[in-house]
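Here the structure comes first, spelled out in structure tokens, and everything after it is commentary.
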Amino acid sequence: MIGDVRTLVRKVAERFKGRFYGRTFRCPVCHLELAMVDADGNRLMVCPLCGVVLDVEEIYGHAVPVVLEVELFRPQPKMRLHPLATHAPIGLYPFAVLGVGLLLAASVLAPVVPALAPLLARAPVVATATLVMLVLSVGLSSLTLASGLWDWNRRYRRRPYWQIRLKIAFSVLFLVLGGTAIALHASGAVFSASTGLVDLASPLAVVLAVAELAVLALGMVVIATLGHVGGTLVFGR
Ligand SMILES: [Zn+2]
């Protein structure tokens with residue numbers, strides 16, 4: 001089951017990569033996957049991970065990277081602020097998703113299982129805690145984006161690596177999705193301020209609850225992709 005999911009995710013990711021980045025190859029030194037489109041007009045490129053300068057030749061339709069030089073004195077990626085800063089939003093976000101999942105499950109179970117009533121009295125606290133997690137995660141992710149842009153400027157000298165372009169686009173997408181989820185959650189239109197639960201009698205509340213869950217789930221995919229791609233830039237493939 002888990003193996004099937006992993007295969008499916010890998011297939012979707014490969015198709016996505018193929019469509020957006022065209023042909024890729026691996027750095028001959030650190031084996032990081034690099035895109036042909038990132039080479040400059042002279043077919044030269046600096047590997048963002050190990051710092052070798054590559055001349056990417058095309059021979060019989062194959063990309064053949066040749067190591068020309070090593071860019072010395074690069075700051076170590078593990079000691080940078082950005083990889084450390086990523087852990088705050090990535091660590092908090094799943095708890096916000098868990099909170100919304102629990103509140104939705106409680107809203108459905110409340111009329112069916114009366115024995116849950118004492119537990120459900122705590123629902124407003126869970127709804128508030130979930131909002132706090134969400135605001136902290138999305139708020140701190142803007143600092144993560146800023147530190148990432150700083151790193152791109154300094155460490156990578158604004159070179160257009162596809163990993164970094166993807167990360168910038170996905171970071172902005174995460175802020176939009178996170179902002180939408182915060183607005184929905186804080187509006188009180190999804191989880192009632194008095195009970196902390198979804199009013200299942202109201203079609204609007206149910207639709208908005210499904211929308212909030214969908215936005216959060218998409219945000220989870222986006223932030224997991226950000227973490228995965230960022231991880232390859234720090235630890236290699
Ligand atoms: Zn490399």
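Ordering of the structure tokens sets the chain letters (A, B, ...), residue numbers begin anew at 1 in every chain, and ligands are numbered from 1 in the order given.
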
Stretch 5-225 of chain A: residues DSSP assigns to alpha helix (DSSP H), reported as a PyMOL selection string
chain A and resi 5-21+81-85+87-109+117-120+123-154+162-187+203-225

File dump, residues just selected, C-alpha atoms, as a compact mmCIF listing (two decimals), in the first residue's frame:
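The resulting file, again.txt, is shown below:
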```txt
# COMPACT_ATOMS: atom_id res chain seq x y z
CA VAL A 5 1.59 5.49 -2.92
CA ARG A 6 5.34 6.13 -3.18
CA THR A 7 5.40 4.85 -6.77
CA LEU A 8 2.42 7.07 -7.66
CA VAL A 9 4.02 10.14 -6.04
CA ARG A 10 7.30 9.42 -7.87
CA LYS A 11 5.47 9.09 -11.22
CA VAL A 12 3.57 12.37 -10.71
CA ALA A 13 6.80 14.13 -9.64
CA GLU A 14 8.71 12.77 -12.68
CA ARG A 15 5.98 13.95 -15.06
CA PHE A 16 5.91 17.36 -13.35
CA LYS A 17 9.70 17.66 -13.54
CA GLY A 18 9.79 16.55 -17.18
CA ARG A 19 7.20 19.12 -18.19
CA PHE A 20 8.67 22.09 -16.32
CA TYR A 21 12.40 21.53 -16.49
CA LEU A 81 19.96 30.43 8.62
CA HIS A 82 17.51 29.32 5.89
CA PRO A 83 17.74 25.50 6.33
CA LEU A 84 17.37 25.99 10.10
CA ALA A 85 14.46 28.47 9.71
CA HIS A 87 11.82 23.75 10.53
CA ALA A 88 9.49 26.18 12.32
CA PRO A 89 6.74 26.29 9.62
CA ILE A 90 7.26 22.64 8.60
CA GLY A 91 7.09 21.51 12.23
CA LEU A 92 3.96 23.50 13.15
CA TYR A 93 1.87 23.08 10.00
CA PRO A 94 0.95 19.37 10.42
CA PHE A 95 -0.45 20.16 13.88
CA ALA A 96 -2.77 22.77 12.35
CA VAL A 97 -3.94 20.18 9.79
CA LEU A 98 -4.38 17.63 12.60
CA GLY A 99 -6.42 20.17 14.61
CA VAL A 100 -8.80 20.83 11.70
CA GLY A 101 -9.07 17.06 11.05
CA LEU A 102 -9.96 16.41 14.70
CA LEU A 103 -12.55 19.23 14.77
CA LEU A 104 -14.18 17.94 11.57
CA ALA A 105 -14.29 14.37 12.94
CA ALA A 106 -15.74 15.70 16.22
CA SER A 107 -18.41 17.69 14.30
CA VAL A 108 -19.53 14.52 12.49
CA LEU A 109 -19.39 12.29 15.61
CA ALA A 117 -20.04 15.51 25.04
CA PRO A 118 -17.57 16.24 27.93
CA LEU A 119 -14.66 16.00 25.46
CA LEU A 120 -16.41 18.20 22.91
CA ALA A 123 -13.55 22.00 21.02
CA PRO A 124 -13.36 25.86 21.14
CA VAL A 125 -9.91 25.57 22.78
CA VAL A 126 -8.75 23.19 20.02
CA ALA A 127 -10.16 25.54 17.35
CA THR A 128 -8.22 28.49 18.85
CA ALA A 129 -5.01 26.43 19.26
CA THR A 130 -5.31 25.31 15.62
CA LEU A 131 -5.58 28.93 14.50
CA VAL A 132 -2.49 29.85 16.57
CA MET A 133 -0.49 26.98 14.96
CA LEU A 134 -1.66 28.07 11.52
CA VAL A 135 -0.77 31.75 12.06
CA LEU A 136 2.65 30.85 13.51
CA SER A 137 3.42 28.38 10.70
CA VAL A 138 2.38 30.69 7.85
CA GLY A 139 3.81 33.80 9.54
CA LEU A 140 7.20 32.15 10.16
CA SER A 141 7.22 30.78 6.59
CA SER A 142 7.42 34.38 5.33
CA LEU A 143 10.68 34.72 7.32
CA THR A 144 11.84 31.40 5.82
CA LEU A 145 11.12 32.74 2.33
CA ALA A 146 13.03 35.96 3.13
CA SER A 147 16.07 34.04 4.44
CA GLY A 148 15.91 31.78 1.35
CA LEU A 149 15.91 34.78 -0.99
CA TRP A 150 18.85 36.19 0.98
CA ASP A 151 20.75 32.89 0.51
CA TRP A 152 19.88 32.78 -3.20
CA ASN A 153 21.27 36.30 -3.55
CA ARG A 154 24.48 35.69 -1.59
CA TRP A 162 15.17 25.22 -11.31
CA GLN A 163 15.10 23.93 -7.74
CA ILE A 164 15.27 27.50 -6.45
CA ARG A 165 12.70 28.86 -8.91
CA LEU A 166 10.36 26.05 -7.88
CA LYS A 167 10.96 26.82 -4.20
CA ILE A 168 10.21 30.53 -4.65
CA ALA A 169 6.99 29.80 -6.57
CA PHE A 170 5.88 27.15 -4.05
CA SER A 171 6.74 29.43 -1.10
CA VAL A 172 4.46 32.15 -2.50
CA LEU A 173 1.78 29.50 -3.17
CA PHE A 174 2.12 28.29 0.45
CA LEU A 175 1.64 31.85 1.74
CA VAL A 176 -1.51 32.23 -0.42
CA LEU A 177 -2.94 28.85 0.69
CA GLY A 178 -1.99 29.49 4.34
CA GLY A 179 -3.51 32.98 4.24
CA THR A 180 -6.73 31.55 2.78
CA ALA A 181 -6.91 28.86 5.49
CA ILE A 182 -6.29 31.46 8.23
CA ALA A 183 -9.03 33.72 6.80
CA LEU A 184 -11.50 30.81 6.64
CA HIS A 185 -10.63 29.58 10.13
CA ALA A 186 -10.65 33.02 11.77
CA SER A 187 -13.92 34.09 10.10
CA PRO A 203 -24.75 24.01 3.92
CA LEU A 204 -22.46 27.07 3.74
CA ALA A 205 -20.50 25.98 6.86
CA VAL A 206 -20.09 22.44 5.43
CA VAL A 207 -18.88 23.74 2.04
CA LEU A 208 -16.42 26.12 3.72
CA ALA A 209 -15.19 23.32 6.02
CA VAL A 210 -14.47 21.10 3.00
CA ALA A 211 -12.75 24.09 1.33
CA GLU A 212 -10.56 24.72 4.41
CA LEU A 213 -9.56 21.05 4.58
CA ALA A 214 -8.77 20.99 0.84
CA VAL A 215 -6.66 24.18 1.09
CA LEU A 216 -4.78 22.75 4.10
CA ALA A 217 -4.17 19.42 2.32
CA LEU A 218 -2.82 21.20 -0.76
CA GLY A 219 -0.64 23.32 1.55
CA MET A 220 0.71 20.07 3.07
CA VAL A 221 1.75 18.82 -0.40
CA VAL A 222 3.35 22.20 -1.18
CA ILE A 223 5.30 22.44 2.10
CA ALA A 224 6.43 18.79 1.85
CA THR A 225 7.71 19.45 -1.69
```

Closest atom pairs, residues of chain A within 7 Å of ligand 1, only C-alpha atoms and all ligand atoms, as a tab-separated table:
```
residue	atom	partner	partner_atom_place_in_ligand_line	distance
A:Cys27	CA	ligand 1	1 (Zn)	4.6
A:Pro28	CA	ligand 1	1 (Zn)	6.7
A:Val29	CA	ligand 1	1 (Zn)	5.1
A:Cys30	CA	ligand 1	1 (Zn)	4.1
A:His31	CA	ligand 1	1 (Zn)	6.0
A:Leu32	CA	ligand 1	1 (Zn)	5.6
A:Cys47	CA	ligand 1	1 (Zn)	4.6
A:Pro48	CA	ligand 1	1 (Zn)	6.6
A:Leu49	CA	ligand 1	1 (Zn)	5.1
A:Cys50	CA	ligand 1	1 (Zn)	4.1
A:Gly51	CA	ligand 1	1 (Zn)	6.1
A:Val52	CA	ligand 1	1 (Zn)	6.1
```

DSSP strand (DSSP E or B) residues within stretch 4-235 of chain A, listed as a PyMOL selection string
chain A and resi 24-26+33-35+44-46+52-59+62-70
